[in-house]
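First comes the structure, then the notes that go with it.
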Amino acid sequence: MAATIGGPVSCLSRIAVVTGGARGLGLGICKQLASNGVKVVLTDKDEEKGLDAVEKLKQFPHFDITFHHLNVTDSTNISSLSEFIKTKFKKLDILVNNAGVAGGIIDHEKLKVFDGKIEKLGKSANPFIIGETYERAEKCVSTNYYGTKTMTETFIPLLLSSQSPRIVNVTSRCGKLQYIPNQSIQKEIGDIDNLTEGKIDEMVRSFLSDFKEGNLRKNNWPTSLSAYIVSKVAVSAYTRLIAKRYPAICTNCIHPGFVRTDITGDLGTLSAEEAAKGPVMLALLPDGSPSGLFYDQTEVSSFT
Ligand SMILES: NC(=O)c1ccc[n+]([C@@H]2O[C@H](COP(=O)([O-])OP(=O)(O)OC[C@H]3O[C@@H](n4cnc5c(N)ncnc54)[C@H](OP(=O)(O)O)[C@@H]3O)[C@@H](O)[C@H]2O)c1
């Protein structure tokens with residue numbers, strides 16, 4: 001179902017799709033894109049929350065925001081959104097793959113100790129994430145990595161119809177290769193010259209298989225926040241691959257900072273509005289800007 005606020009559609013304007021747009025960082029990104037004159041398709045898997053978010057944004061009459069239902073793990077939903085964009089706008093200028101889940105239950109009291117510093121994770125006897133079951137690990141990988149991948153594959157033809165296409169993948173500092181202790185994975189996934197989609201998919205498959213068999217420690221995977229780390233490493237690597245494969249599409253990934261949203265139990269150093277500045281900066285990069293980079297907020301960082 002779609003509900004629209006704002007002015008008439010012009011194909012001359014920039015069109016953006018934001019996943020997981022009804023709350024948290026995604027909502028902040030939708031607002032800032034709209035305030036920059038971008039026509040935003042705010043999507044979320046929860047129709048009620050999405051429609052409610054659009055209703056609340058009516059207080060900004062100059063925003064042009066449409067809601068469309070989207071569960072990024074449902075390929076039928078993705079196809080239906082793509083048909084909607086194709087029929088209504090004929091192109092897509094900006095795709096923000098923001099939707100994400102943690103892969104377990106965050107213990108917010110323990111998270112306070114980390115203060116957003118993932119480096120502390122390996123040294124702690126009290127990890128802030130509990131209940132990392134196989135089902136949650138699978139859901140985390142399906143949402144964070146395969147959701148980003150299927151959205152990207154589906155929307156590439158529409159992005160290639162734009163004069164200035166941009167893809168912004170919301171990864172995490174956890175999505176740096178150093179957080180996977182397995183050296184051969186670090187080497188293989190870090191080697192951009194020889195990286196393939198097959199290698200990223202194989203990393204994710206062997207992680208899930210080792211998770212199921214109880215072999216995470218034995219095969220040098222992270223043992224805490226493991227699905228989140230592996231899924232975000234996959235998102236970061238996939239970003240580089242897409243940037244290389246489609247030079248016409250400026251594609252980057254970003255760690256937005258430690259943000260006060262539901263996933264962090266409202267802990268964090270940045271509000272969603274403040275953290276949205278990085279992804280929005282990447283969405284609005286001028287033509288000719290670098291592609292295939294990892295940003296930590298608004299600064300270029302490394303994939304490792
Ligand atoms: N907060 C931080 O400190 C932080 C740090 C690094 C990276 N990130 C990343 O930033 C992104 C946004 O996170 P957040 O902090 O805003 O968390 P959040 O408040 O928990 O929001 C997550 C969003 O993702 C959506 N989502 C989850 N599964 C989905 C699915 N299958 N299909 C479509 N949408 C789905 C949720 O939709 P519903 O409302 O329907 O559940 C929600 O809108 C995530 O990718 C996260 O990993 C956050």
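Residues are named by chain letter and number: chains run A, B, ... in the order of the structure tokens, numbers start at 1 in each chain, and ligands are numbered from 1 in the order shown.
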
Worksheet item: Can you tell me which residues sit at most 6 Å away from ligand 1, counting only C-alpha atoms and all ligand atoms, written as a ChimeraX atom specification?
Response: /A:19-26,44-46,70-73,98-101,143,170-172,255-264

What would the file look like if the residues just selected were written as a compact mmCIF listing (two decimals), in the first residue's frame with N, CA, C and O atoms?
```txt
# COMPACT_ATOMS: atom_id res chain seq x y z
N THR A 19 15.47 2.12 2.94
CA THR A 19 14.91 0.94 3.61
C THR A 19 14.95 1.15 5.13
O THR A 19 15.82 1.85 5.65
N GLY A 20 13.98 0.56 5.82
CA GLY A 20 13.90 0.73 7.28
C GLY A 20 13.74 2.19 7.65
O GLY A 20 14.41 2.70 8.56
N GLY A 21 12.83 2.87 6.95
CA GLY A 21 12.73 4.33 7.07
C GLY A 21 11.77 4.85 8.13
O GLY A 21 11.68 6.05 8.34
N ALA A 22 11.06 3.94 8.80
CA ALA A 22 10.00 4.44 9.70
C ALA A 22 10.51 4.88 11.06
O ALA A 22 9.79 5.55 11.80
N ARG A 23 11.71 4.47 11.41
CA ARG A 23 12.22 4.88 12.73
C ARG A 23 13.74 4.94 12.69
O ARG A 23 14.37 4.56 11.70
N GLY A 24 14.33 5.41 13.79
CA GLY A 24 15.78 5.41 13.96
C GLY A 24 16.50 6.19 12.88
O GLY A 24 16.02 7.22 12.37
N LEU A 25 17.67 5.67 12.52
CA LEU A 25 18.52 6.35 11.55
C LEU A 25 17.80 6.54 10.21
O LEU A 25 17.91 7.59 9.57
N GLY A 26 17.06 5.50 9.78
CA GLY A 26 16.37 5.56 8.48
C GLY A 26 15.42 6.75 8.41
O GLY A 26 15.36 7.45 7.38
N ASP A 44 9.27 0.56 4.87
CA ASP A 44 9.46 -0.18 6.12
C ASP A 44 8.67 -1.47 6.05
O ASP A 44 7.68 -1.55 5.32
N LYS A 45 9.08 -2.46 6.82
CA LYS A 45 8.36 -3.74 6.79
C LYS A 45 7.08 -3.66 7.61
O LYS A 45 6.20 -4.50 7.45
N ASP A 46 6.99 -2.67 8.49
CA ASP A 46 5.81 -2.50 9.32
C ASP A 46 4.96 -1.37 8.73
O ASP A 46 5.30 -0.19 8.84
N LEU A 70 7.83 -2.48 2.56
CA LEU A 70 8.96 -3.27 2.08
C LEU A 70 9.62 -4.06 3.20
O LEU A 70 10.15 -3.48 4.16
N ASN A 71 9.56 -5.37 3.06
CA ASN A 71 10.39 -6.23 3.90
C ASN A 71 11.56 -6.64 3.01
O ASN A 71 11.36 -7.29 1.98
N VAL A 72 12.78 -6.27 3.39
CA VAL A 72 13.92 -6.51 2.50
C VAL A 72 14.28 -8.00 2.37
O VAL A 72 15.11 -8.36 1.54
N THR A 73 13.67 -8.84 3.20
CA THR A 73 13.94 -10.29 3.07
C THR A 73 12.90 -10.96 2.17
O THR A 73 12.94 -12.18 1.98
N ASN A 98 19.48 0.78 4.45
CA ASN A 98 19.67 1.09 5.88
C ASN A 98 19.14 0.01 6.81
O ASN A 98 19.65 -0.16 7.91
N ALA A 99 18.10 -0.74 6.38
CA ALA A 99 17.43 -1.69 7.28
C ALA A 99 18.44 -2.67 7.88
O ALA A 99 19.32 -3.17 7.18
N GLY A 100 18.32 -2.89 9.18
CA GLY A 100 19.26 -3.82 9.81
C GLY A 100 18.76 -4.34 11.14
O GLY A 100 17.95 -3.70 11.81
N VAL A 101 19.24 -5.55 11.49
CA VAL A 101 18.92 -6.13 12.81
C VAL A 101 20.22 -6.63 13.43
O VAL A 101 21.22 -6.85 12.75
N THR A 143 18.68 -10.22 6.47
CA THR A 143 18.26 -8.81 6.45
C THR A 143 19.42 -7.92 6.02
O THR A 143 19.30 -7.15 5.06
N VAL A 170 24.37 1.20 4.61
CA VAL A 170 24.68 1.46 6.02
C VAL A 170 25.29 0.18 6.60
O VAL A 170 24.62 -0.83 6.76
N THR A 171 26.60 0.24 6.82
CA THR A 171 27.30 -0.87 7.45
C THR A 171 27.53 -0.50 8.91
O THR A 171 26.68 0.14 9.54
N SER A 172 28.64 -0.87 9.46
CA SER A 172 28.94 -0.58 10.86
C SER A 172 30.44 -0.67 11.01
O SER A 172 31.13 -1.27 10.17
N HIS A 255 29.70 3.68 8.33
CA HIS A 255 29.37 3.47 9.75
C HIS A 255 28.80 4.81 10.23
O HIS A 255 29.50 5.82 10.18
N PRO A 256 27.55 4.81 10.68
CA PRO A 256 26.92 6.10 10.98
C PRO A 256 27.34 6.72 12.31
O PRO A 256 26.96 7.86 12.60
N GLY A 257 28.11 5.97 13.13
CA GLY A 257 28.41 6.42 14.48
C GLY A 257 27.62 5.58 15.47
O GLY A 257 26.92 4.64 15.09
N PHE A 258 27.76 5.90 16.75
CA PHE A 258 27.04 5.19 17.81
C PHE A 258 25.78 6.05 18.08
O PHE A 258 25.87 7.15 18.61
N VAL A 259 24.64 5.49 17.67
CA VAL A 259 23.45 6.33 17.51
C VAL A 259 22.35 5.93 18.50
O VAL A 259 22.09 4.74 18.70
N ARG A 260 21.69 6.94 19.04
CA ARG A 260 20.59 6.68 20.00
C ARG A 260 19.33 6.26 19.24
O ARG A 260 18.53 7.10 18.82
N THR A 261 19.21 4.92 19.02
CA THR A 261 18.03 4.38 18.34
C THR A 261 17.56 3.16 19.14
O THR A 261 18.15 2.81 20.15
N ASP A 262 16.55 2.47 18.62
CA ASP A 262 16.04 1.28 19.32
C ASP A 262 17.10 0.19 19.45
O ASP A 262 17.17 -0.50 20.46
N ILE A 263 17.91 0.02 18.41
CA ILE A 263 18.89 -1.07 18.40
C ILE A 263 19.90 -0.90 19.55
O ILE A 263 20.42 -1.87 20.07
N THR A 264 20.17 0.33 19.94
CA THR A 264 21.12 0.59 21.03
C THR A 264 20.40 0.92 22.34
O THR A 264 21.04 1.34 23.31
```

Q: Pull the helix (DSSP H, G or I) assignments for stretch 36-258 of chain A out of DSSP run on the backbone, and list those residues as a PyMOL selection string.
A: chain A and resi 47-59+75-89+108-114+118-123+134-159+173-175+177-179+183-190+192-194+197-213+226-245

Selection near A:Val280, 7 Å with only C-alpha atoms, sequence-local residues under 4 positions removed, as a PyMOL selection string
chain A and resi 29+32-33+276+284

Would you save the residues from that selection as a PDB file, in the first residue's frame, using C-alpha atoms?
```pdb
ATOM      1  CA  ILE A  29      17.866  10.006   6.580  1.00  0.00           C
ATOM      2  CA  GLN A  32      17.197  15.140   5.674  1.00  0.00           C
ATOM      3  CA  LEU A  33      16.881  13.937   2.086  1.00  0.00           C
ATOM      4  CA  ALA A 276      21.972  10.860   9.266  1.00  0.00           C
ATOM      5  CA  LEU A 284      24.120  13.784  -2.384  1.00  0.00           C
TER       6      LEU A 284
END
```

Residue neighbourhood A:Phe207, 9 Å, only C-alpha atoms, exclusion window fewer than 4 positions, as a PDB file with C-alpha atoms, in the first residue's frame:
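Saved file out-v3.pdb follows:
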```
ATOM      1  CA  GLU A 202      30.606 -18.488   0.468  1.00  0.00           C
ATOM      2  CA  MET A 203      31.929 -16.639   3.549  1.00  0.00           C
ATOM      3  CA  PHE A 211      27.276 -21.507  13.613  1.00  0.00           C
ATOM      4  CA  LYS A 212      24.845 -24.411  13.218  1.00  0.00           C
ATOM      5  CA  ASN A 215      32.230 -24.486  15.223  1.00  0.00           C
ATOM      6  CA  LEU A 216      32.519 -20.691  15.527  1.00  0.00           C
ATOM      7  CA  ASN A 219      37.114 -21.883  12.803  1.00  0.00           C
ATOM      8  CA  TRP A 221      34.804 -16.591  13.616  1.00  0.00           C
ATOM      9  CA  SER A 226      29.008 -12.810  15.284  1.00  0.00           C
ATOM     10  CA  ALA A 227      26.134 -12.698  12.756  1.00  0.00           C
ATOM     11  CA  VAL A 230      29.823 -11.221   9.413  1.00  0.00           C
TER      12      VAL A 230
END
```

Near A:Gly175, counting only C-alpha atoms, which residues have an atom at most 6 Å away, once you skip same-chain residues fewer than 5 positions from it, shown as a ChimeraX atom specification? /A:229,232-233
